[in-house]
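> Sharing a structure below in structure tokens format, with a few things to ask.
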Amino acid sequence: VVQSEEGQILSVKIAADGQWRFPVIDSLPPTYEQCLLEFEDKHFYKHPGVNPFALLRATVQNIRSRKIVSGGSTISMQCIRIAKGNPKRNLWIKCLEMFQAIRLELKYSKAEILRLYASIAPFGGNIVGLEAASWRYFGRNSEQLSIAETATLAVLPNAPALIYPGKNQKELIAKRNRLLKRLFESKKIDEQTLDLALDEPVPSRIYTIIREAPHLLDRIVSEGGNGQRIRTSLDYDLQLKVNGLANRYHNVLHQNEIHNLAVLVLDLQNGEVKSYCGNSNCSDEEVGQSVDLIQAKRSSGSILKPFLYHGMIRDGMILPYTLLPDIPTNFGGYAPKNFDERFDGAVHADEALARSLNVPAVRSLQEYGIEKLHKELNELGLTSIDNSPSHYGLSLILGGAETRLFELCEAYMNLARSISDLKPIHASYKCGTTELESSRNYNFDRGAAWWTAEALKSLNRPESEQGWKLFSSSQKIAWKTGTSFGFRDAWSIGFNSRYLVGVWIGNADGEGRPGLTGTNTAAPLMFNVFKELETQDWFDKPMGSLKAIEVCKKSGYKAQANCIETELKSFPRNSNKSRICPYHEEIHLDEQQMNRVHGNCYPVNKIRRVKWFILPAVQAYYYRTVNPSFEPLPDYKSGCNPTDSRSMEMIYPTEDSRIKIPKNLDESLSKLILQLSHLNNSTRVYWHLDEKYLGSTLGEHTFEILPKIGSHVLSCVDENGETIDVEFDIIQ
Ligand SMILES: [Zn+2]
């Protein structure tokens, strides 16, 4: 039996012998004891296990009616009978029962014997014990039952095979009413209570078994909890609300053949699981409903990126806003793309994290070290990242590894806890804090963790046209999404200063579906779960773990003399170790400040020295496309340009050409082969069609495409920032 922290039943599992039998309870409801003793054994507290007067009376009754109508057994004797599996009645067995009942009384207290009886008494069908019966017949705990309901349960074990709800209703009611009247006669209840109780119906059906946390139940059983009553840390109301939300989302996702999801809610204060929804309640067969997706290993997508960001800041490798290159990059044959297949040229690190840009993440990982991150992810408790660092390579940060929602949430929880200077702990469905074993000594930096949460709190998100804005409530929440390769896994994990919500959505069998992304599917569910939790204040800024540092406003690096605007920021301790701004330089312009000049072509006394924001050529090419206010380096004044010739030429297609694509024999369109020449053999060229990045070439510059009918723009840029644009039409 799995209970919530308030003691409400969340899930139950039938015993191995096919009986519904709940573990022994601590104390019986007083009304039940009253009913039971009135009905079965009035002098229970006075006799030593055997009641000679009752036996005598029973014998007389049985002789008079020439059959057995009464056993005259005490509760203690009945305990023995039930425990022995209801053997045939004869004098010898009866004597043995009496002897053993006395022994039972010597060993146990009266209260213990009553509890034992209530736990093993048969209640009809395969229902054993008061608690199981109470739940099966009334859907409630035994202490929440009315007097009529309690009386019904007190009379049931008397002849469970003959009378039970749904069968012989009249006899059951008569038996119950007889007991109620006896209670009235012995002044245990008043007349009004009696009248009301006599009017109550008896149950005619059996309640379906509660399944509010079936996967947690399975988990507890697999962890050795079989046959026990486990009081978990789950919040009953929240669990029901989360299940309701999960069902609503599943109904929608189902239409897109997405069948499975999981939601986990943790309390950051003590690591307690407040809600555990391991899967949807999809009614289709064969969709992996039994899989607990909170524990299943799934591809991580971008969900690990915050730990790299935190590590880079902790070690002073970047500052929270540092500009990072976001340009086509080839890492020895591995060329990661951003989700939208565009590049920003240069992007602030916090924005790169919030928008989950892949190229800055991979470049960062290369600088940080795969082995270092791999080791740290293990220290964070991500046990499924168990291959060697070289097995994953740089893809470790883009979903090359598999993780479990439970462990991920624990890692995020400890990141959040470090902001409040709390020690790392285990997430657990048991109540209370459990500290991590010392082998997992991941090095959190309070200031770096705070800045990581700040970056994750920002509203700048990928796939911005989609509806996440509708869900971003007034609450401050740090959150990160992930989408695995092939749209197989959608993740979203978020936290405020008190709670953490983790969501996974996908198919248990691993089938990918279009539109299955963290931002589109998992994040909305996560935000809706947050709406069910109390709003929390944001973390206090950990001033003691931060120090003031002068930063270049534009580049986010430590400021230097040529930076145009600087600001003082409270950044983590190691920020001083980081590099100074590489993007601001002093350049020489003519008197009108229109063109660049130098001392060999322009009077030195007229040269104006100006501080300028300069990006490397390729970064500038992309940066301009998303930053319209960007001022590229002014051209050289004529006669001043040290390199005055073009090095790139488009061979095919030429400007404004109209191209008819021939059909292959099988009616498919053949490919169009693009080609250009570059003077310098070792210069890489980046290709784009209609602003979409195609790839890069080195040496021989040809590219195959399958363009659609219509107008297109082909743009090529080389490493030095030289560009060439060609417009062409594909005609029918
Ligand atoms: Zn600067």
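Every chain in the structure tokens has a letter given in the order shown (A, B, ...), and although residue numbers restart at 1 in each chain, ligands are simply numbered from 1 in the order shown.
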So which residues touch range 211-220 of chain A within 8 Å, counting only C-alpha atoms, skipping near sequence neighbours fewer than 6 positions away, as a PyMOL selection string?

chain A and resi 1-2+10-13+226+239-240+243+276-279+290-292

> If you keep N, CA, C and O atoms, can you produce a file of those selected residues as an mmCIF file, in the first residue's frame?


data_model
loop_
_atom_site.group_PDB
_atom_site.id
_atom_site.type_symbol
_atom_site.label_atom_id
_atom_site.label_comp_id
_atom_site.auth_asym_id
_atom_site.auth_seq_id
_atom_site.Cartn_x
_atom_site.Cartn_y
_atom_site.Cartn_z
ATOM 1 N N VAL A 1 0.853 -1.187 0.000
ATOM 2 C CA VAL A 1 0.000 0.000 0.000
ATOM 3 C C VAL A 1 0.885 1.231 0.000
ATOM 4 O O VAL A 1 1.744 1.380 0.853
ATOM 5 N N VAL A 2 0.693 2.096 -1.012
ATOM 6 C CA VAL A 2 1.477 3.331 -1.075
ATOM 7 C C VAL A 2 0.575 4.488 -0.662
ATOM 8 O O VAL A 2 -0.491 4.685 -1.247
ATOM 9 N N LEU A 10 -2.579 6.020 -2.280
ATOM 10 C CA LEU A 10 -2.302 6.428 -3.657
ATOM 11 C C LEU A 10 -2.364 5.238 -4.614
ATOM 12 O O LEU A 10 -2.826 5.370 -5.740
ATOM 13 N N SER A 11 -1.872 4.105 -4.166
ATOM 14 C CA SER A 11 -1.870 2.915 -5.009
ATOM 15 C C SER A 11 -1.742 1.677 -4.137
ATOM 16 O O SER A 11 -1.124 1.730 -3.083
ATOM 17 N N VAL A 12 -2.352 0.608 -4.627
ATOM 18 C CA VAL A 12 -2.239 -0.662 -3.897
ATOM 19 C C VAL A 12 -1.980 -1.762 -4.906
ATOM 20 O O VAL A 12 -2.283 -1.624 -6.087
ATOM 21 N N LYS A 13 -1.400 -2.844 -4.425
ATOM 22 C CA LYS A 13 -1.088 -3.964 -5.297
ATOM 23 C C LYS A 13 -1.601 -5.228 -4.627
ATOM 24 O O LYS A 13 -1.465 -5.388 -3.412
ATOM 25 N N ASN A 226 7.542 -4.835 -0.879
ATOM 26 C CA ASN A 226 6.392 -5.734 -1.010
ATOM 27 C C ASN A 226 5.790 -6.068 0.354
ATOM 28 O O ASN A 226 6.504 -6.286 1.320
ATOM 29 N N GLN A 239 -0.720 15.234 -6.426
ATOM 30 C CA GLN A 239 -0.606 14.045 -7.263
ATOM 31 C C GLN A 239 -1.850 13.901 -8.151
ATOM 32 O O GLN A 239 -1.749 13.617 -9.343
ATOM 33 N N LEU A 240 -3.036 14.132 -7.564
ATOM 34 C CA LEU A 240 -4.267 14.013 -8.344
ATOM 35 C C LEU A 240 -4.348 15.103 -9.419
ATOM 36 O O LEU A 240 -4.763 14.854 -10.550
ATOM 37 N N ASN A 243 -1.891 14.180 -12.157
ATOM 38 C CA ASN A 243 -2.462 13.105 -12.975
ATOM 39 C C ASN A 243 -3.513 13.667 -13.931
ATOM 40 O O ASN A 243 -3.595 13.267 -15.090
ATOM 41 N N TYR A 276 4.628 12.074 -8.450
ATOM 42 C CA TYR A 276 5.360 11.072 -9.223
ATOM 43 C C TYR A 276 4.394 10.473 -10.235
ATOM 44 O O TYR A 276 3.584 9.626 -9.908
ATOM 45 N N CYS A 277 4.457 10.989 -11.460
ATOM 46 C CA CYS A 277 3.584 10.476 -12.525
ATOM 47 C C CYS A 277 4.508 9.825 -13.556
ATOM 48 O O CYS A 277 5.132 10.518 -14.353
ATOM 49 N N GLY A 278 4.607 8.503 -13.515
ATOM 50 C CA GLY A 278 5.613 7.797 -14.308
ATOM 51 C C GLY A 278 5.252 7.561 -15.759
ATOM 52 O O GLY A 278 6.090 7.218 -16.571
ATOM 53 N N ASN A 279 3.940 7.743 -16.097
ATOM 54 C CA ASN A 279 3.527 7.511 -17.473
ATOM 55 C C ASN A 279 2.109 8.060 -17.650
ATOM 56 O O ASN A 279 1.441 8.393 -16.671
ATOM 57 N N SER A 290 3.451 0.366 -18.912
ATOM 58 C CA SER A 290 4.029 -0.087 -17.647
ATOM 59 C C SER A 290 5.410 0.519 -17.412
ATOM 60 O O SER A 290 5.927 0.466 -16.310
ATOM 61 N N VAL A 291 6.005 1.103 -18.447
ATOM 62 C CA VAL A 291 7.348 1.665 -18.289
ATOM 63 C C VAL A 291 7.280 2.904 -17.398
ATOM 64 O O VAL A 291 6.451 3.781 -17.601
ATOM 65 N N ASP A 292 8.162 2.946 -16.412
ATOM 66 C CA ASP A 292 8.259 4.141 -15.569
ATOM 67 C C ASP A 292 9.248 5.093 -16.232
ATOM 68 O O ASP A 292 10.458 4.915 -16.136
#

> Return as a list in words every polymer residue, whether protein, DNA or RNA, with at least one atom no more than 6 Å from an atom of ligand 1; count only C-alpha atoms and all ligand atoms.

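The residues near ligand 1 are Cys552, Ser555, Ala559, Cys563, Cys581, Tyr583 and His584 of chain A.
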
> Could you go through range 140-384 of chain A and tell me which residues DSSP, when run on the backbone, assigns to strand (DSSP E or B), listing them as an MDAnalysis selection string?

chainID A and resid 164 167 211 230:231 260:267 272:277 297:299 323:326 331 334 345:348

> Give me a file of those residues, with C-alpha atoms, as a PDB file, in the first residue's frame.


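New file selection-v4.pdb:
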ATOM      1  CA  TYR A 164     -21.123 -10.209   0.708  1.00  0.00           C
ATOM      2  CA  LYS A 167     -24.911 -11.059  -3.150  1.00  0.00           C
ATOM      3  CA  ARG A 211      -4.126   3.797  -9.166  1.00  0.00           C
ATOM      4  CA  ILE A 230       4.658   2.854   2.737  1.00  0.00           C
ATOM      5  CA  ARG A 231       3.959   6.421   3.765  1.00  0.00           C
ATOM      6  CA  ASN A 260       3.835   8.506 -23.079  1.00  0.00           C
ATOM      7  CA  LEU A 261       4.858  11.174 -20.624  1.00  0.00           C
ATOM      8  CA  ALA A 262       6.251  11.591 -17.130  1.00  0.00           C
ATOM      9  CA  VAL A 263       6.094  14.347 -14.508  1.00  0.00           C
ATOM     10  CA  LEU A 264       8.160  14.622 -11.336  1.00  0.00           C
ATOM     11  CA  VAL A 265       7.804  17.365  -8.700  1.00  0.00           C
ATOM     12  CA  LEU A 266      10.472  17.820  -6.016  1.00  0.00           C
ATOM     13  CA  ASP A 267      10.647  19.994  -2.930  1.00  0.00           C
ATOM     14  CA  GLU A 272      11.117  15.066  -1.186  1.00  0.00           C
ATOM     15  CA  VAL A 273       9.161  13.861  -4.194  1.00  0.00           C
ATOM     16  CA  LYS A 274       5.810  15.683  -4.092  1.00  0.00           C
ATOM     17  CA  SER A 275       4.364  14.157  -7.241  1.00  0.00           C
ATOM     18  CA  TYR A 276       5.360  11.072  -9.223  1.00  0.00           C
ATOM     19  CA  CYS A 277       3.584  10.476 -12.525  1.00  0.00           C
ATOM     20  CA  LYS A 297      17.091   6.060 -19.871  1.00  0.00           C
ATOM     21  CA  ARG A 298      16.337   8.549 -22.643  1.00  0.00           C
ATOM     22  CA  SER A 299      18.409  10.734 -24.957  1.00  0.00           C
ATOM     23  CA  LEU A 323      29.956  36.961 -26.434  1.00  0.00           C
ATOM     24  CA  LEU A 324      30.507  33.527 -27.930  1.00  0.00           C
ATOM     25  CA  PRO A 325      31.016  32.827 -31.656  1.00  0.00           C
ATOM     26  CA  ASP A 326      27.980  31.337 -33.371  1.00  0.00           C
ATOM     27  CA  PHE A 331      35.021  19.906 -35.498  1.00  0.00           C
ATOM     28  CA  TYR A 334      31.420  16.988 -36.843  1.00  0.00           C
ATOM     29  CA  GLY A 345      27.562  35.346 -35.638  1.00  0.00           C
ATOM     30  CA  ALA A 346      28.185  36.203 -32.000  1.00  0.00           C
ATOM     31  CA  VAL A 347      25.787  35.729 -29.114  1.00  0.00           C
ATOM     32  CA  HIS A 348      25.894  36.358 -25.374  1.00  0.00           C
TER      33      HIS A 348
END

> Which is closer to His259 in chain A than all the others in A:Thr152, A:Asn507, A:Ser670, A:Thr322, using only C-alpha atoms?

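Smallest distance to His259 in chain A is found for A:Asn507.
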
> Grab the CA of Glu257 in chain A to CA of Gly244 in chain A distance for me, in Å with one decimal place.

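Rounded to one decimal, the two atoms are 19.5 Å apart.
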
> Grab the CA of Gly72 in chain A to CA of Glu97 in chain A distance for me, in Å with one decimal place.

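We find that CA of Gly72 in chain A and CA of Glu97 in chain A lie 11.9 Å from each other.
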
> Would you please work out which residue, of A:Asp235, A:Gly381, A:Val287, A:Glu586, is nearest to Tyr429 in chain A when using only C-alpha atoms?

A:Asp235

> Hey, could you make a per-residue contact list for range 262-373 of chain A against range 452-458 of chain A with 10 Å as the cut-off, showing the nearest pair of atoms and its distance in Å to one decimal, counting only C-alpha atoms, sorted by chain and number, as CSV?


residue,atom,partner,partner_atom,distance
A:Pro306,CA,A:Thr452,CA,6.7
A:Phe307,CA,A:Thr452,CA,8.5
A:Leu308,CA,A:Thr452,CA,9.8
A:Tyr309,CA,A:Thr452,CA,6.9
A:His310,CA,A:Thr452,CA,5.9
A:Gly311,CA,A:Thr452,CA,9.7
A:Ile313,CA,A:Thr452,CA,8.6
A:Pro320,CA,A:Thr452,CA,7.8
A:Tyr321,CA,A:Ala455,CA,9.0
A:Ala349,CA,A:Ala455,CA,8.7
A:Asp350,CA,A:Ala455,CA,5.0
A:Glu351,CA,A:Ala455,CA,7.0
A:Ala352,CA,A:Ala455,CA,9.2
A:Leu353,CA,A:Ala455,CA,7.1
A:Ala354,CA,A:Leu456,CA,5.6
A:Arg355,CA,A:Leu456,CA,9.3

> I need the chosen residues saved as an mmCIF file, in the first residue's frame, with N, CA and C atoms.


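That gives us result_17.cif:
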data_model
loop_
_atom_site.group_PDB
_atom_site.id
_atom_site.type_symbol
_atom_site.label_atom_id
_atom_site.label_comp_id
_atom_site.auth_asym_id
_atom_site.auth_seq_id
_atom_site.Cartn_x
_atom_site.Cartn_y
_atom_site.Cartn_z
ATOM 1 N N PRO A 306 22.966 23.567 -19.005
ATOM 2 C CA PRO A 306 23.195 24.468 -17.860
ATOM 3 C C PRO A 306 24.401 24.075 -17.006
ATOM 4 N N PHE A 307 24.729 22.772 -16.955
ATOM 5 C CA PHE A 307 25.850 22.354 -16.119
ATOM 6 C C PHE A 307 27.183 22.768 -16.740
ATOM 7 N N LEU A 308 27.241 22.782 -18.079
ATOM 8 C CA LEU A 308 28.436 23.280 -18.759
ATOM 9 C C LEU A 308 28.572 24.792 -18.525
ATOM 10 N N TYR A 309 27.459 25.508 -18.647
ATOM 11 C CA TYR A 309 27.461 26.966 -18.445
ATOM 12 C C TYR A 309 27.924 27.285 -17.025
ATOM 13 N N HIS A 310 27.351 26.571 -16.056
ATOM 14 C CA HIS A 310 27.740 26.781 -14.652
ATOM 15 C C HIS A 310 29.238 26.524 -14.468
ATOM 16 N N GLY A 311 29.735 25.427 -15.058
ATOM 17 C CA GLY A 311 31.146 25.082 -14.895
ATOM 18 C C GLY A 311 32.075 26.114 -15.521
ATOM 19 N N ILE A 313 31.478 29.291 -15.946
ATOM 20 C CA ILE A 313 31.463 30.515 -15.131
ATOM 21 C C ILE A 313 32.218 30.274 -13.820
ATOM 22 N N PRO A 320 29.022 35.707 -17.290
ATOM 23 C CA PRO A 320 27.645 35.334 -17.653
ATOM 24 C C PRO A 320 27.160 35.845 -19.011
ATOM 25 N N TYR A 321 27.668 37.025 -19.483
ATOM 26 C CA TYR A 321 27.164 37.547 -20.772
ATOM 27 C C TYR A 321 28.169 37.425 -21.902
ATOM 28 N N ALA A 349 26.545 34.571 -23.900
ATOM 29 C CA ALA A 349 26.509 33.196 -23.374
ATOM 30 C C ALA A 349 25.174 32.881 -22.705
ATOM 31 N N ASP A 350 24.626 33.837 -21.955
ATOM 32 C CA ASP A 350 23.357 33.554 -21.267
ATOM 33 C C ASP A 350 22.225 33.373 -22.270
ATOM 34 N N GLU A 351 22.272 34.188 -23.340
ATOM 35 C CA GLU A 351 21.241 34.056 -24.363
ATOM 36 C C GLU A 351 21.418 32.738 -25.133
ATOM 37 N N ALA A 352 22.682 32.382 -25.392
ATOM 38 C CA ALA A 352 22.949 31.112 -26.091
ATOM 39 C C ALA A 352 22.380 29.946 -25.290
ATOM 40 N N LEU A 353 22.467 30.037 -23.949
ATOM 41 C CA LEU A 353 21.930 28.971 -23.096
ATOM 42 C C LEU A 353 20.402 28.985 -23.137
ATOM 43 N N ALA A 354 19.822 30.185 -22.970
ATOM 44 C CA ALA A 354 18.358 30.274 -22.936
ATOM 45 C C ALA A 354 17.759 29.829 -24.260
ATOM 46 N N ARG A 355 18.428 30.186 -25.372
ATOM 47 C CA ARG A 355 17.910 29.790 -26.687
ATOM 48 C C ARG A 355 18.429 28.417 -27.098
#

> Between CA of Phe485 in chain A and CA of Val242 in chain A, what is the spacing in Å?

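Computed distance, CA of Val242 in chain A to CA of Phe485 in chain A, equals 27.6 Å.
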
> As a list of chain:residue names, please: the residues near Arg596 in chain A (cut-off 6 Å, only C-alpha atoms, same-chain neighbours under 6 positions excluded).

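Non-adjacent residues within range: A:His588, A:Leu589, A:Pro634, A:Asp635, A:Tyr636, A:Lys637.
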
> Take the residues from that selection and write them out as a compact mmCIF listing (two decimals), in the first residue's frame, keeping N, CA, C and O atoms.


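See out-v4.txt below for the written result:
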# COMPACT_ATOMS: atom_id res chain seq x y z
N HIS A 588 41.73 53.88 -37.13
CA HIS A 588 42.10 55.20 -37.65
C HIS A 588 41.16 55.57 -38.78
O HIS A 588 41.04 54.85 -39.76
N LEU A 589 40.48 56.74 -38.61
CA LEU A 589 39.55 57.20 -39.64
C LEU A 589 40.02 58.54 -40.19
O LEU A 589 40.85 59.23 -39.58
N PRO A 634 34.33 50.57 -41.24
CA PRO A 634 34.20 51.40 -42.46
C PRO A 634 35.18 50.93 -43.53
O PRO A 634 36.23 50.36 -43.22
N ASP A 635 34.80 51.16 -44.79
CA ASP A 635 35.71 50.80 -45.88
C ASP A 635 36.96 51.70 -45.83
O ASP A 635 36.94 52.78 -45.27
N TYR A 636 37.99 51.20 -46.46
CA TYR A 636 39.19 52.05 -46.59
C TYR A 636 38.92 53.17 -47.57
O TYR A 636 38.16 53.01 -48.53
N LYS A 637 39.54 54.31 -47.30
CA LYS A 637 39.46 55.42 -48.25
C LYS A 637 40.14 54.96 -49.54
O LYS A 637 41.10 54.19 -49.50

> Skipping near chain neighbours, those fewer than 6 positions away, what residues fall within 8 Å of range 390-407 of chain A using only C-alpha atoms, listed as a PyMOL selection string?

chain A and resi 264+293-305+358+361-362+365-366+370-371+381-384+427+484-485+502-504

> Do a neighbour search on Asn158 in chain A at 10 Å with only C-alpha atoms, toss out local chain neighbours closer than 2 positions, and write the hits as a list in words.

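Selected residues are Phe39, Glu40, Gln78, Ala121, Pro122, Phe123, Gly124, Leu153, Ala154, Val155, Leu156, Pro160, Ala161, Leu162, Ile163 and Lys175 of chain A.
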
> Show which residues sit within 12 Å of Gly18 in chain A, as a PyMOL selection string. Count only C-alpha atoms, and ignore same-chain residues fewer than 6 positions away.

chain A and resi 125-128

> Which residues are close to range 574-578 of chain A, i.e. within 6 Å by only C-alpha atoms, leaving aside same-chain residues fewer than 5 positions away? Reply as a list in words.

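My list of contacting residues is Asp315, Gly316 and Met317 of chain A.
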
> Of the residues A:Gln619, A:Thr535, A:Ser222, A:Ser570, which is the one nearest to Val551 in chain A, using only C-alpha atoms?

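Under the stated criterion, the closest residue is A:Ser570.
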
> Among range 401-518 of chain A, which residues carry a DSSP assignment of helix (DSSP H, G or I), reported as number ranges by chain?

A: 405-419, 446-457, 468-471, 518

> Go through A:Arg57, A:Arg498, A:Lys554, A:Lys660 one by one, measure the shortest atom-to-atom distance of each to Leu533 in chain A using only C-alpha atoms, and give the residue with the smallest value.

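Of the candidates, the smallest distance to Leu533 in chain A is held by A:Arg498.
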
> With distances taken over only C-alpha atoms, which residue among A:Leu116, A:Val713, A:Leu679, A:Leu180 lies nearest Glu691 in chain A?

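For Glu691 in chain A, the nearest of the given residues is A:Val713.
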